[in-house]
file final-v2.txt (compact mmCIF, C-alpha atoms and all ligand atoms)
# COMPACT_ATOMS: atom_id res chain seq x y z
CA MET A 151 19.92 -6.02 25.24
CA SER A 152 18.21 -7.83 22.34
CA VAL A 153 20.02 -8.00 19.02
CA HIS A 154 16.64 -7.53 17.35
CA PRO A 155 15.34 -3.99 16.98
CA LYS A 156 12.02 -3.19 18.61
CA ILE A 157 9.67 -2.57 15.70
CA TYR A 158 6.37 -0.72 15.75
CA VAL A 159 4.03 -1.63 12.87
CA ALA A 160 1.32 1.04 12.67
CA GLY A 161 -1.82 -0.37 11.00
CA HIS A 162 -0.97 -4.03 11.74
CA ARG A 163 -4.55 -5.19 11.19
CA GLY A 164 -4.70 -3.75 7.67
CA MET A 165 -3.82 -5.63 4.51
CA VAL A 166 -0.29 -4.19 4.25
CA GLY A 167 0.47 -3.89 7.98
CA SER A 168 -0.51 -7.52 8.61
CA ALA A 169 1.70 -8.61 5.69
CA ILE A 170 4.63 -6.66 7.17
CA VAL A 171 4.15 -8.43 10.52
CA ARG A 172 4.00 -11.82 8.69
CA GLN A 173 7.18 -10.91 6.79
CA LEU A 174 9.08 -9.87 9.93
CA LEU A 175 8.09 -13.10 11.71
CA ALA A 176 9.01 -15.16 8.62
CA GLN A 177 12.45 -13.52 8.62
CA GLY A 178 12.95 -14.67 12.22
CA HIS A 179 12.09 -11.46 14.01
CA PRO A 180 10.80 -12.40 17.48
CA ALA A 181 7.10 -11.63 18.05
CA GLU A 182 7.88 -9.98 21.39
CA ARG A 183 10.03 -7.38 19.58
CA ILE A 184 7.06 -6.30 17.43
CA VAL A 185 4.84 -3.61 18.94
CA THR A 186 1.27 -3.12 17.73
CA ARG A 187 -1.86 -1.25 18.81
CA THR A 188 -5.34 -1.56 17.37
CA HIS A 189 -7.24 1.56 16.31
CA ALA A 190 -9.42 1.14 19.43
CA GLU A 191 -6.34 1.03 21.66
CA LEU A 192 -4.57 4.00 20.03
CA ASP A 193 -6.19 6.56 17.77
CA LEU A 194 -3.27 7.78 15.69
CA THR A 195 -5.00 11.11 14.95
CA ASP A 196 -4.66 11.89 18.69
CA GLN A 197 -1.31 13.66 19.05
CA ALA A 198 -1.10 13.43 22.85
CA ALA A 199 -1.93 9.71 22.85
CA VAL A 200 0.65 9.02 20.13
CA ARG A 201 3.35 10.87 22.08
CA ILE A 202 2.53 8.93 25.26
CA PHE A 203 2.64 5.65 23.32
CA PHE A 204 6.06 6.40 21.78
CA ALA A 205 7.48 7.57 25.12
CA ALA A 206 6.34 4.31 26.74
CA GLU A 207 7.40 1.90 23.97
CA LYS A 208 10.49 3.64 22.52
CA PRO A 209 10.66 1.55 19.31
CA ASP A 210 13.83 1.40 17.20
CA GLN A 211 12.03 1.16 13.84
CA VAL A 212 8.59 2.22 12.63
CA TYR A 213 6.59 0.93 9.65
CA LEU A 214 3.87 3.51 8.97
CA ALA A 215 1.15 1.39 7.30
CA ALA A 216 -1.82 2.96 9.10
CA ALA A 217 -3.98 5.18 6.93
CA LYS A 218 -7.55 6.03 6.10
CA VAL A 219 -7.95 4.12 2.85
CA GLY A 220 -10.90 3.82 0.48
CA GLY A 221 -12.17 3.65 -3.08
CA ILE A 222 -13.43 6.39 -5.39
CA HIS A 223 -16.86 6.56 -3.73
CA ALA A 224 -15.48 6.97 -0.20
CA ASN A 225 -12.82 9.47 -1.35
CA ASN A 226 -15.50 11.56 -3.09
CA THR A 227 -17.95 11.40 -0.19
CA TYR A 228 -15.53 11.99 2.70
CA PRO A 229 -12.67 14.17 1.31
CA ALA A 230 -12.25 16.00 4.62
CA ASP A 231 -11.79 12.73 6.52
CA PHE A 232 -9.26 11.49 3.97
CA ILE A 233 -7.02 14.54 4.04
CA TYR A 234 -7.37 15.35 7.76
CA GLN A 235 -6.93 11.86 9.17
CA ASN A 236 -4.02 10.95 6.93
CA LEU A 237 -2.20 14.22 7.59
CA MET A 238 -2.70 13.77 11.34
CA ILE A 239 -1.71 10.08 11.47
CA GLN A 240 1.57 10.64 9.63
CA ALA A 241 2.46 13.96 11.29
CA ASN A 242 1.80 12.54 14.76
CA ILE A 243 3.82 9.38 14.14
CA VAL A 244 6.77 11.02 12.39
CA ASP A 245 7.14 13.76 14.99
CA ALA A 246 6.63 11.47 18.00
CA ALA A 247 9.16 9.03 16.50
CA PHE A 248 11.67 11.84 16.11
CA ARG A 249 11.11 13.04 19.68
CA GLN A 250 11.80 9.54 21.02
CA GLY A 251 14.99 9.17 19.02
CA VAL A 252 13.67 6.76 16.37
CA LYS A 253 16.21 6.76 13.56
CA GLN A 254 14.51 4.43 11.08
CA LEU A 255 10.98 4.90 9.77
CA LEU A 256 9.27 3.73 6.57
CA PHE A 257 6.27 5.65 5.30
CA LEU A 258 3.80 3.98 2.93
CA GLY A 259 2.17 6.01 0.20
CA SER A 260 0.52 5.08 -3.05
CA SER A 261 0.82 5.50 -6.82
CA CYS A 262 -1.99 8.11 -6.68
CA ILE A 263 0.68 10.70 -5.72
CA TYR A 264 1.58 10.96 -9.42
CA PRO A 265 -0.14 13.32 -11.87
CA LYS A 266 -3.17 11.97 -13.69
CA LEU A 267 -1.39 12.27 -17.04
CA ALA A 268 2.11 11.23 -15.91
CA PRO A 269 4.20 9.58 -18.66
CA GLN A 270 4.20 5.78 -18.43
CA PRO A 271 5.88 4.01 -16.76
CA MET A 272 5.77 6.53 -13.89
CA GLY A 273 9.19 7.32 -12.48
CA GLU A 274 9.74 8.85 -9.04
CA ASP A 275 10.63 12.14 -10.75
CA ALA A 276 7.04 12.50 -12.04
CA LEU A 277 6.10 13.70 -8.54
CA LEU A 278 4.72 17.27 -8.49
CA THR A 279 4.95 17.69 -12.25
CA GLY A 280 1.21 17.96 -12.96
CA THR A 281 -2.41 17.94 -11.84
CA LEU A 282 -3.62 15.01 -9.74
CA GLU A 283 -6.64 12.80 -10.40
CA PRO A 284 -9.43 14.93 -8.83
CA THR A 285 -11.35 12.04 -7.20
CA ASN A 286 -8.61 11.24 -4.71
CA GLU A 287 -6.69 14.52 -4.69
CA PRO A 288 -7.10 15.15 -0.91
CA TYR A 289 -5.76 11.65 -0.14
CA ALA A 290 -2.90 12.07 -2.63
CA ILE A 291 -1.98 15.49 -1.20
CA ALA A 292 -1.77 13.94 2.27
CA LYS A 293 0.50 11.18 0.93
CA ILE A 294 2.72 13.71 -0.85
CA ALA A 295 2.91 15.65 2.43
CA GLY A 296 3.97 12.40 4.12
CA ILE A 297 6.91 12.02 1.73
CA LYS A 298 7.90 15.66 2.28
CA LEU A 299 7.53 15.24 6.05
CA CYS A 300 10.05 12.39 6.03
CA GLU A 301 12.42 14.29 3.72
CA SER A 302 12.22 17.45 5.83
CA TYR A 303 13.03 15.61 9.08
CA ASN A 304 15.97 13.95 7.28
CA ARG A 305 17.24 17.27 5.98
CA GLN A 306 16.88 19.10 9.28
CA TYR A 307 17.76 16.33 11.72
CA GLY A 308 19.65 13.76 9.64
CA PRO A 309 23.12 15.16 10.25
CA SER A 310 22.58 16.02 13.94
CA HIS A 311 20.32 13.15 15.07
CA GLY A 312 20.91 10.37 12.52
CA VAL A 313 17.27 10.51 11.36
CA ASP A 314 16.72 8.34 8.25
CA TYR A 315 13.03 8.29 7.28
CA ARG A 316 12.18 6.60 3.96
CA SER A 317 9.08 6.32 1.78
CA VAL A 318 7.76 3.62 -0.53
CA MET A 319 4.97 4.02 -3.08
CA PRO A 320 3.32 0.71 -3.97
CA THR A 321 1.32 -0.05 -7.09
CA ASN A 322 -2.09 -1.81 -6.79
CA LEU A 323 -1.83 -4.51 -4.14
CA TYR A 324 -3.85 -7.67 -3.60
CA GLY A 325 -3.76 -10.72 -1.37
CA PRO A 326 -4.80 -11.89 2.09
CA GLY A 327 -6.66 -9.26 4.10
CA ASP A 328 -8.04 -7.49 1.03
CA ASN A 329 -11.34 -5.63 1.12
CA TYR A 330 -14.14 -7.54 -0.64
CA HIS A 331 -16.97 -5.11 0.10
CA THR A 332 -19.41 -4.81 -2.79
CA GLU A 333 -19.21 -1.01 -3.17
CA ASN A 334 -15.70 -0.16 -2.19
CA SER A 335 -13.26 -2.78 -3.40
CA HIS A 336 -10.38 -2.57 -5.90
CA VAL A 337 -10.42 -4.44 -9.20
CA ILE A 338 -8.91 -7.78 -8.09
CA PRO A 339 -11.06 -8.36 -4.99
CA ALA A 340 -14.14 -7.15 -6.92
CA LEU A 341 -13.47 -9.62 -9.75
CA ILE A 342 -12.72 -12.47 -7.34
CA ARG A 343 -16.03 -11.92 -5.57
CA ARG A 344 -18.09 -11.55 -8.74
CA LEU A 345 -16.56 -14.50 -10.58
CA HIS A 346 -16.82 -16.66 -7.45
CA GLU A 347 -20.51 -15.77 -7.10
CA ALA A 348 -21.05 -16.47 -10.81
CA LYS A 349 -19.44 -19.90 -10.40
CA VAL A 350 -21.51 -20.78 -7.32
CA ASN A 351 -24.74 -19.58 -8.98
CA HIS A 352 -23.91 -21.22 -12.36
CA ALA A 353 -24.33 -17.83 -14.09
CA PRO A 354 -23.69 -18.21 -17.85
CA SER A 355 -22.13 -14.76 -18.17
CA VAL A 356 -20.54 -12.02 -16.04
CA PRO A 357 -20.65 -8.41 -17.28
CA ILE A 358 -17.53 -6.26 -16.79
CA TRP A 359 -17.41 -2.52 -17.43
CA GLY A 360 -15.36 -1.24 -20.37
CA THR A 361 -13.44 -2.84 -23.21
CA GLY A 362 -11.02 -4.81 -21.03
CA ASP A 363 -8.14 -3.06 -22.81
CA PRO A 364 -6.80 -0.77 -20.02
CA ARG A 365 -3.49 -1.97 -18.62
CA ARG A 366 -2.76 -2.13 -14.89
CA GLU A 367 0.03 -3.38 -12.63
CA PHE A 368 -0.55 -5.62 -9.60
CA LEU A 369 1.70 -6.73 -6.76
CA TYR A 370 1.06 -9.49 -4.23
CA VAL A 371 0.95 -7.94 -0.76
CA ASP A 372 3.58 -10.27 0.75
CA ASP A 373 5.98 -9.11 -1.99
CA MET A 374 5.17 -5.54 -0.94
CA ALA A 375 5.92 -6.40 2.69
CA ALA A 376 9.23 -7.98 1.67
CA ALA A 377 10.11 -4.83 -0.28
CA CYS A 378 9.29 -2.70 2.79
CA VAL A 379 11.63 -4.72 5.02
CA HIS A 380 14.30 -4.62 2.30
CA VAL A 381 14.12 -0.82 1.94
CA MET A 382 14.03 -0.29 5.70
CA ASN A 383 17.21 -2.34 6.18
CA LEU A 384 19.26 -1.02 3.24
CA GLY A 385 22.54 0.55 4.25
CA LYS A 386 22.41 4.34 4.22
CA VAL A 387 25.25 4.69 1.73
CA THR A 388 23.46 2.44 -0.80
CA TYR A 389 20.14 4.17 -0.23
CA ASP A 390 21.66 7.64 -0.55
CA GLN A 391 23.41 6.70 -3.81
CA LEU A 392 20.09 6.00 -5.54
CA THR A 393 17.89 8.66 -3.95
CA GLN A 394 18.06 12.42 -3.47
CA PRO A 395 17.25 14.37 -0.31
CA MET A 396 14.21 15.99 -1.98
CA LEU A 397 13.32 13.07 -4.27
CA SER A 398 13.70 10.19 -1.89
CA HIS A 399 10.61 8.00 -2.34
CA ILE A 400 10.83 4.59 -3.99
CA ASN A 401 8.24 2.98 -6.29
CA VAL A 402 7.31 -0.61 -5.52
CA GLY A 403 5.87 -2.57 -8.42
CA CYS A 404 6.35 -5.87 -10.21
CA GLY A 405 7.56 -4.01 -13.32
CA HIS A 406 4.94 -5.09 -15.85
CA ASP A 407 1.26 -4.54 -16.50
CA ILE A 408 -1.55 -6.63 -17.98
CA THR A 409 -4.91 -5.82 -19.55
CA ILE A 410 -8.08 -6.04 -17.47
CA ARG A 411 -9.21 -8.72 -19.94
CA GLU A 412 -6.12 -10.86 -19.20
CA LEU A 413 -6.65 -10.26 -15.49
CA ALA A 414 -10.32 -11.32 -15.61
CA GLU A 415 -9.47 -14.44 -17.63
CA THR A 416 -6.70 -15.38 -15.18
CA ILE A 417 -9.01 -14.92 -12.18
CA ALA A 418 -11.73 -16.99 -13.90
CA ARG A 419 -9.16 -19.77 -14.46
CA VAL A 420 -7.99 -19.68 -10.83
CA ILE A 421 -11.57 -19.76 -9.53
CA GLY A 422 -12.77 -22.33 -12.05
CA TYR A 423 -15.48 -20.15 -13.59
CA VAL A 424 -16.19 -21.51 -17.09
CA GLY A 425 -18.90 -19.04 -18.18
CA ASN A 426 -18.53 -16.05 -20.45
CA ILE A 427 -16.90 -12.75 -19.45
CA ALA A 428 -18.86 -10.06 -21.31
CA PHE A 429 -17.15 -6.68 -21.67
CA ASP A 430 -19.69 -3.85 -21.74
CA THR A 431 -18.02 -1.47 -24.20
CA THR A 432 -20.70 1.19 -23.66
CA LYS A 433 -19.18 1.82 -20.19
CA PRO A 434 -16.10 4.03 -19.70
CA ASP A 435 -12.58 2.59 -19.58
CA GLY A 436 -10.63 4.98 -17.35
CA THR A 437 -6.90 5.68 -17.82
CA PRO A 438 -5.47 3.45 -20.60
CA ARG A 439 -2.32 2.53 -18.69
CA LYS A 440 -0.92 2.79 -15.14
CA LEU A 441 2.50 1.31 -14.55
CA MET A 442 5.19 2.24 -12.03
CA ASP A 443 8.82 2.49 -13.04
CA SER A 444 10.49 0.32 -10.37
CA THR A 445 14.03 0.67 -11.74
CA ARG A 446 15.18 2.45 -8.58
CA LEU A 447 14.00 -0.39 -6.33
CA ASN A 448 15.49 -3.01 -8.66
CA ALA A 449 18.82 -1.16 -8.56
CA LEU A 450 18.57 -1.28 -4.76
CA GLY A 451 18.52 -5.08 -5.00
CA TRP A 452 14.84 -6.03 -4.85
CA GLN A 453 12.57 -7.79 -7.37
CA ALA A 454 9.00 -9.08 -7.05
CA ARG A 455 8.84 -12.85 -6.63
CA VAL A 456 5.21 -13.94 -6.60
CA GLY A 457 3.73 -14.36 -10.09
CA LEU A 458 0.17 -13.19 -10.71
CA GLU A 459 -1.44 -16.62 -11.01
CA VAL A 460 0.21 -17.94 -7.84
CA GLY A 461 -0.71 -14.73 -5.99
CA LEU A 462 -4.30 -14.96 -7.18
CA GLU A 463 -4.53 -18.58 -6.00
CA LYS A 464 -3.43 -17.49 -2.52
CA ALA A 465 -5.81 -14.53 -2.57
CA TYR A 466 -8.72 -16.78 -3.60
CA LYS A 467 -7.90 -19.23 -0.78
CA ASP A 468 -8.01 -16.34 1.68
CA PHE A 469 -11.32 -15.17 0.18
CA LEU A 470 -12.84 -18.65 0.54
CA LYS A 471 -11.62 -18.91 4.13
CA ASN A 472 -12.67 -15.48 5.36
CA HIS A 473 -15.22 -13.93 3.05
CA ALA A 474 -17.08 -16.36 0.78
CA ALA A 475 -19.75 -17.18 3.37
CA LEU A 476 -20.53 -13.48 3.81
CA HIS A 477 -21.54 -12.92 0.19
N1 LIG A 501 -4.24 -1.78 -0.68
C1 LIG A 501 -3.63 -1.27 -1.74
O1 LIG A 501 -3.87 -1.68 -2.90
C2 LIG A 501 -2.62 -0.20 -1.57
C3 LIG A 501 -2.00 0.27 -2.72
C4 LIG A 501 -1.06 1.25 -2.60
C5 LIG A 501 -0.79 1.78 -1.35
N2 LIG A 501 -1.37 1.31 -0.24
C6 LIG A 501 -1.00 1.95 1.04
O2 LIG A 501 -0.68 1.06 2.07
C7 LIG A 501 -1.10 1.60 3.32
C8 LIG A 501 -1.97 0.60 4.04
O3 LIG A 501 -3.06 0.25 3.21
P1 LIG A 501 -3.96 -1.02 3.47
O4 LIG A 501 -4.48 -1.46 2.15
O5 LIG A 501 -3.25 -2.00 4.36
O6 LIG A 501 -5.17 -0.33 4.27
P2 LIG A 501 -6.13 -0.99 5.36
O7 LIG A 501 -6.27 -2.45 5.11
O8 LIG A 501 -7.37 -0.15 5.40
O9 LIG A 501 -5.32 -0.79 6.72
C9 LIG A 501 -5.12 0.46 7.31
C10 LIG A 501 -5.02 0.25 8.80
O10 LIG A 501 -4.83 1.54 9.43
C11 LIG A 501 -5.66 1.60 10.58
N3 LIG A 501 -6.04 2.96 10.91
C12 LIG A 501 -6.70 3.85 10.12
N4 LIG A 501 -6.90 5.01 10.79
C13 LIG A 501 -6.37 4.83 12.03
C14 LIG A 501 -6.28 5.66 13.18
N5 LIG A 501 -6.79 6.91 13.20
N6 LIG A 501 -5.69 5.16 14.28
C15 LIG A 501 -5.19 3.90 14.30
N7 LIG A 501 -5.24 3.07 13.24
C16 LIG A 501 -5.83 3.53 12.11
C17 LIG A 501 -6.88 0.79 10.21
O11 LIG A 501 -7.57 0.37 11.35
P3 LIG A 501 -9.19 0.34 11.33
O12 LIG A 501 -9.57 -0.48 10.13
O13 LIG A 501 -9.54 -0.25 12.64
O14 LIG A 501 -9.60 1.78 11.17
C18 LIG A 501 -6.27 -0.37 9.41
O15 LIG A 501 -5.90 -1.43 10.25
C19 LIG A 501 -1.82 2.92 3.01
O16 LIG A 501 -0.94 3.98 3.23
C20 LIG A 501 -2.14 2.81 1.54
O17 LIG A 501 -2.11 4.06 0.89
C21 LIG A 501 -2.30 0.33 -0.31
call {"tool": "encode", "arguments": {"input": "final-v2.txt", "output": "C-alpha cells", "more": "lines below"}}
Ligand SMILES: NC(=O)c1ccc[n+]([C@@H]2O[C@H](COP(=O)([O-])OP(=O)(O)OC[C@H]3O[C@@H](n4cnc5c(N)ncnc54)[C@H](OP(=O)(O)O)[C@@H]3O)[C@@H](O)[C@H]2O)c1
result
Amino acid sequence: MSVHPKIYVAGHRGMVGSAIVRQLLAQGHPAERIVTRTHAELDLTDQAAVRIFFAAEKPDQVYLAAAKVGGIHANNTYPADFIYQNLMIQANIVDAAFRQGVKQLLFLGSSCIYPKLAPQPMGEDALLTGTLEPTNEPYAIAKIAGIKLCESYNRQYGPSHGVDYRSVMPTNLYGPGDNYHTENSHVIPALIRRLHEAKVNHAPSVPIWGTGDPRREFLYVDDMAAACVHVMNLGKVTYDQLTQPMLSHINVGCGHDITIRELAETIARVIGYVGNIAFDTTKPDGTPRKLMDSTRLNALGWQARVGLEVGLEKAYKDFLKNHAALH
C-alpha cells in the first residue's frame, strides 16, 4: 500500500484547484495518487454519477475546489444556477465521500459568506450575524450551507466514523489561471488586462472607477493552495483547539489590505505602463474596506509568503503567456 494518500481534487482545472494540484506535486505527492475529472467527464451536480465515481476511486482525501463561480453580473443574471449548482456540487461530494469512508475533506468557500456590514477585519465569528450583500446572496447562502454541511457530518459521524471535514474561506485571490474576460473578471485581472492594453496601445491615460480609496486584501493563489494543504494535514487535536464544532471554518488571507490606488500603481509598475491612472470620482466606490481576520490560521501555524509585487509579476507572466494574444 502507498504511503501517500489518494487525493481527489474536485475542480482541478480551475484557478484554485490547479494551484492545489501544483502544490501537492511540489510537496512531493506522486501524480498517480492524485485523482481528477474534468467537468465533461463528471458533472458534479449529478448525484448518481458522483456516487459511482467515489465508489470506483475511493479517495482518502478530498479538496472541494469545484464551484460555479462568477462576478456580479453573472450572479445577478443567473442566481438560480449559482445557488442550485453549488448546493448540488457540495452536497453530492460531501455525502458520497462520507459513504465511501473518506475521513478528510476540505471545502472551499469565500469571504462573501460574511454580512455586508461585518466589522473589519472580519473574524470567523461574523458568520450569520447580519444581512448578506444582495448581489451574490444565493452564492453566499450555498457556501454557508457548505460549511454547515461539513460541520453537521462531523457532529453526527465524527465520533462513530472519524469524519473530519474542514472549511477554508479565502480572501480575493489572483495568479495563474485567473479569469481575464472583459465583463466578468475581478479587480486584479481586470487591471492587468487594461493596463497591459494601455501600454501596448501607448494610451496616455487609463480611467478607473471611483476614488481609488477603498481598501482590499489580495492573496496569491499558490499561497492559498499551500494554506489548503496545511489545513488539511493539521493534526485533529491542534485543529480542534482553535475551532468549534459549529464555528469551524478558517479565514485565509495575507492579513493586510491596500487601497485600489496603491494596487493600480503597483500593477502599472509591474507591467511597465508609464501613462496616467485617472480615477473617475463621479463613479461609485463600493464598500470602503474588506479585510479578513486571519488570526486563527496564523495561530494554526500558517502565514502568507508571496508578496504582492512578486505575485503580480508571476500573474502578469501567466497573462502574457496565455491571454495577451486574445485581447
Ligand atoms: N478566485 C477567487 O478569487 C476566489 C476567492 C475566494 C474563494 N474562491 C473559491 O475557490 C473555489 C474555486 O474557485 P476558482 O476561482 O478556482 O473557480 P474556477 O476557476 O471557476 O474553477 C472552478 C472549477 O469547478 C469546475 N466545475 C464547476 N461546476 C462543475 C460541475 N457541475 N461539475 C464538475 N466541475 C465543475 C469548473 O469546471 P468548468 O470551468 O469546466 O465548468 C472549474 O474547473 C470556489 O469555491 C470559490 O468560491 C475563489
call {"tool": "closest_residue", "arguments": {"input": "final-v2.txt", "among": "A:Val212, A:Leu175, A:Ile400, A:Cys262", "to": "ligand LIG 501 (chain A)", "atoms": "all atoms listed in the file"}}
result
A:Cys262
call {"tool": "residues_around", "arguments": {"input": "final-v2.txt", "residues": "A:His473", "least_positions_apart": "5", "cutoff": "10 Å", "atoms": "only C-alpha atoms", "output": "list in words"}}
result
Gly327, Asp328, Asn329, Tyr330, His331, Arg343, Tyr466, Lys467 and Asp468 of chain A
call {"tool": "residues_near_ligand", "arguments": {"input": "final-v2.txt", "ligand": "ligand LIG 501 (chain A)", "cutoff": "7 Å", "atoms": "all atoms listed in the file", "output": "PyMOL selection string"}}
result
chain A and resi 160-167+188-190+192-195+215-219+235+239+258-261+319-324+327-328
call {"tool": "closest_residue", "arguments": {"input": "final-v2.txt", "among": "A:Pro339, A:Pro265, A:Gly457, A:Pro155", "to": "A:Pro284", "atoms": "only C-alpha atoms"}}
result
A:Pro265
call {"tool": "closest_residue", "arguments": {"input": "final-v2.txt", "among": "A:Met238, A:Ile427, A:Ala465, A:Val153", "to": "A:Leu345", "atoms": "all atoms listed in the file"}}
result
A:Ile427
call {"tool": "atom_distance", "arguments": {"input": "final-v2.txt", "atom1": "atom CA of A:Glu287", "atom2": "atom CA of A:Cys404"}}
result
24.8 Å
call {"tool": "closest_residue", "arguments": {"input": "final-v2.txt", "among": "A:Gly461, A:Pro269, A:Pro438, A:Pro395", "to": "A:Gly362", "atoms": "all atoms listed in the file"}}
result
A:Pro438
call {"tool": "residues_around", "arguments": {"input": "final-v2.txt", "residues": "A:Ala276", "least_positions_apart": "3", "cutoff": "12 Å", "atoms": "only C-alpha atoms", "output": "number ranges by chain"}}
result
A: 261-273, 279-282, 397, 399-401, 442-443
call {"tool": "closest_residue", "arguments": {"input": "final-v2.txt", "among": "A:Gly312, A:Pro288, A:Pro326, A:Pro229", "to": "A:Asn472", "atoms": "only C-alpha atoms"}}
result
A:Pro326
call {"tool": "residues_near_point", "arguments": {"input": "final-v2.txt", "point": "(0.4, 13.5, 6.9)", "cutoff": "7 Å", "atoms": "all atoms listed in the file", "output": "number ranges by chain"}}
result
A: 236-241, 292-293, 295-296
call {"tool": "write_last_selection", "arguments": {"input": "final-v2.txt", "atoms": "C-alpha atoms", "output": "PDB file, in the coordinates of the input"}}
result
ATOM      1  CA  ASN A 236      -4.020  10.950   6.930  1.00  0.00           C
ATOM      2  CA  LEU A 237      -2.200  14.220   7.590  1.00  0.00           C
ATOM      3  CA  MET A 238      -2.700  13.770  11.340  1.00  0.00           C
ATOM      4  CA  ILE A 239      -1.710  10.080  11.470  1.00  0.00           C
ATOM      5  CA  GLN A 240       1.570  10.640   9.630  1.00  0.00           C
ATOM      6  CA  ALA A 241       2.460  13.960  11.290  1.00  0.00           C
ATOM      7  CA  ALA A 292      -1.770  13.940   2.270  1.00  0.00           C
ATOM      8  CA  LYS A 293       0.500  11.180   0.930  1.00  0.00           C
ATOM      9  CA  ALA A 295       2.910  15.650   2.430  1.00  0.00           C
ATOM     10  CA  GLY A 296       3.970  12.400   4.120  1.00  0.00           C
TER      11      GLY A 296
END
call {"tool": "closest_residue", "arguments": {"input": "final-v2.txt", "among": "A:Ala206, A:Leu462, A:Ala348, A:Ala230", "to": "A:Gly325", "atoms": "only C-alpha atoms"}}
result
A:Leu462
call {"tool": "residues_around", "arguments": {"input": "final-v2.txt", "residues": "A:Gln394", "least_positions_apart": "4", "cutoff": "12 Å", "atoms": "all atoms listed in the file", "output": "list in words"}}
result
Glu274, Asp275, Glu301, Asn304, Arg305, Arg316, Lys386, Val387, Thr388, Tyr389, Asp390, Ser398, His399, Ile400 and Arg446 of chain A
call {"tool": "atom_distance", "arguments": {"input": "final-v2.txt", "atom1": "atom CA of A:Ile222", "atom2": "atom CA of A:Pro364"}}
result
17.6 Å
call {"tool": "atom_distance", "arguments": {"input": "final-v2.txt", "atom1": "atom CA of A:Leu299", "atom2": "atom CA of A:Leu174"}}
result
25.5 Å
call {"tool": "residues_around", "arguments": {"input": "final-v2.txt", "residues": "A:Tyr213", "least_positions_apart": "4", "cutoff": "7 Å", "atoms": "all atoms listed in the file", "output": "ChimeraX atom specification"}}
result
/A:158-160,255-257
call {"tool": "residues_near_point", "arguments": {"input": "final-v2.txt", "point": "(10.5, 18.5, 14.2)", "cutoff": "8 Å", "atoms": "only C-alpha atoms", "output": "tab-separated table (two decimals) with C-alpha atoms, in the coordinates of the input"}}
result
chain	number	residue	atom	x	y	z
A	245	ASP	CA	7.14	13.76	14.99
A	248	PHE	CA	11.67	11.84	16.11
A	249	ARG	CA	11.11	13.04	19.68
A	303	TYR	CA	13.03	15.61	9.08
A	307	TYR	CA	17.76	16.33	11.72
call {"tool": "residues_around", "arguments": {"input": "final-v2.txt", "residues": "stretch 373-385 of chain A", "least_positions_apart": "5", "cutoff": "7 Å", "atoms": "all atoms listed in the file", "output": "list in words"}}
result
Val166, Ala169, Ile170, Gln173, Leu256, Trp452, Ala454, Arg455 and Val456 of chain A
call {"tool": "decode", "arguments": {"input": "final-v2.txt", "residues": "stretch 352-356 of chain A", "atoms": "all heavy atoms", "output": "PDB file, in the first residue's frame"}}
result
ATOM      1  N   HIS A 352      -0.003  52.472 -26.293  1.00  0.00           N
ATOM      2  CA  HIS A 352       0.572  53.788 -25.922  1.00  0.00           C
ATOM      3  C   HIS A 352      -0.512  54.775 -25.490  1.00  0.00           C
ATOM      4  O   HIS A 352      -0.443  55.963 -25.828  1.00  0.00           O
ATOM      5  CB  HIS A 352       1.395  54.372 -27.084  1.00  0.00           C
ATOM      6  CG  HIS A 352       2.446  53.429 -27.573  1.00  0.00           C
ATOM      7  ND1 HIS A 352       3.587  53.136 -26.850  1.00  0.00           N
ATOM      8  CD2 HIS A 352       2.515  52.667 -28.692  1.00  0.00           C
ATOM      9  CE1 HIS A 352       4.309  52.248 -27.497  1.00  0.00           C
ATOM     10  NE2 HIS A 352       3.678  51.935 -28.619  1.00  0.00           N
ATOM     11  N   ALA A 353      -1.513  54.306 -24.747  1.00  0.00           N
ATOM     12  CA  ALA A 353      -2.584  55.205 -24.284  1.00  0.00           C
ATOM     13  C   ALA A 353      -2.023  56.122 -23.200  1.00  0.00           C
ATOM     14  O   ALA A 353      -1.337  55.653 -22.281  1.00  0.00           O
ATOM     15  CB  ALA A 353      -3.739  54.385 -23.720  1.00  0.00           C
ATOM     16  N   PRO A 354      -2.278  57.441 -23.288  1.00  0.00           N
ATOM     17  CA  PRO A 354      -1.704  58.365 -22.304  1.00  0.00           C
ATOM     18  C   PRO A 354      -2.338  58.231 -20.926  1.00  0.00           C
ATOM     19  O   PRO A 354      -1.719  58.592 -19.922  1.00  0.00           O
ATOM     20  CB  PRO A 354      -1.999  59.748 -22.891  1.00  0.00           C
ATOM     21  CG  PRO A 354      -3.125  59.532 -23.857  1.00  0.00           C
ATOM     22  CD  PRO A 354      -3.047  58.124 -24.343  1.00  0.00           C
ATOM     23  N   SER A 355      -3.582  57.701 -20.884  1.00  0.00           N
ATOM     24  CA  SER A 355      -4.284  57.673 -19.607  1.00  0.00           C
ATOM     25  C   SER A 355      -5.249  56.484 -19.553  1.00  0.00           C
ATOM     26  O   SER A 355      -5.808  56.083 -20.576  1.00  0.00           O
ATOM     27  CB  SER A 355      -5.069  58.993 -19.457  1.00  0.00           C
ATOM     28  OG  SER A 355      -5.747  59.003 -18.247  1.00  0.00           O
ATOM     29  N   VAL A 356      -5.425  55.924 -18.364  1.00  0.00           N
ATOM     30  CA  VAL A 356      -6.389  54.827 -18.181  1.00  0.00           C
ATOM     31  C   VAL A 356      -7.386  55.236 -17.098  1.00  0.00           C
ATOM     32  O   VAL A 356      -6.982  55.536 -15.967  1.00  0.00           O
ATOM     33  CB  VAL A 356      -5.679  53.522 -17.741  1.00  0.00           C
ATOM     34  CG1 VAL A 356      -6.683  52.427 -17.426  1.00  0.00           C
ATOM     35  CG2 VAL A 356      -4.725  53.060 -18.803  1.00  0.00           C
TER      36      VAL A 356
END
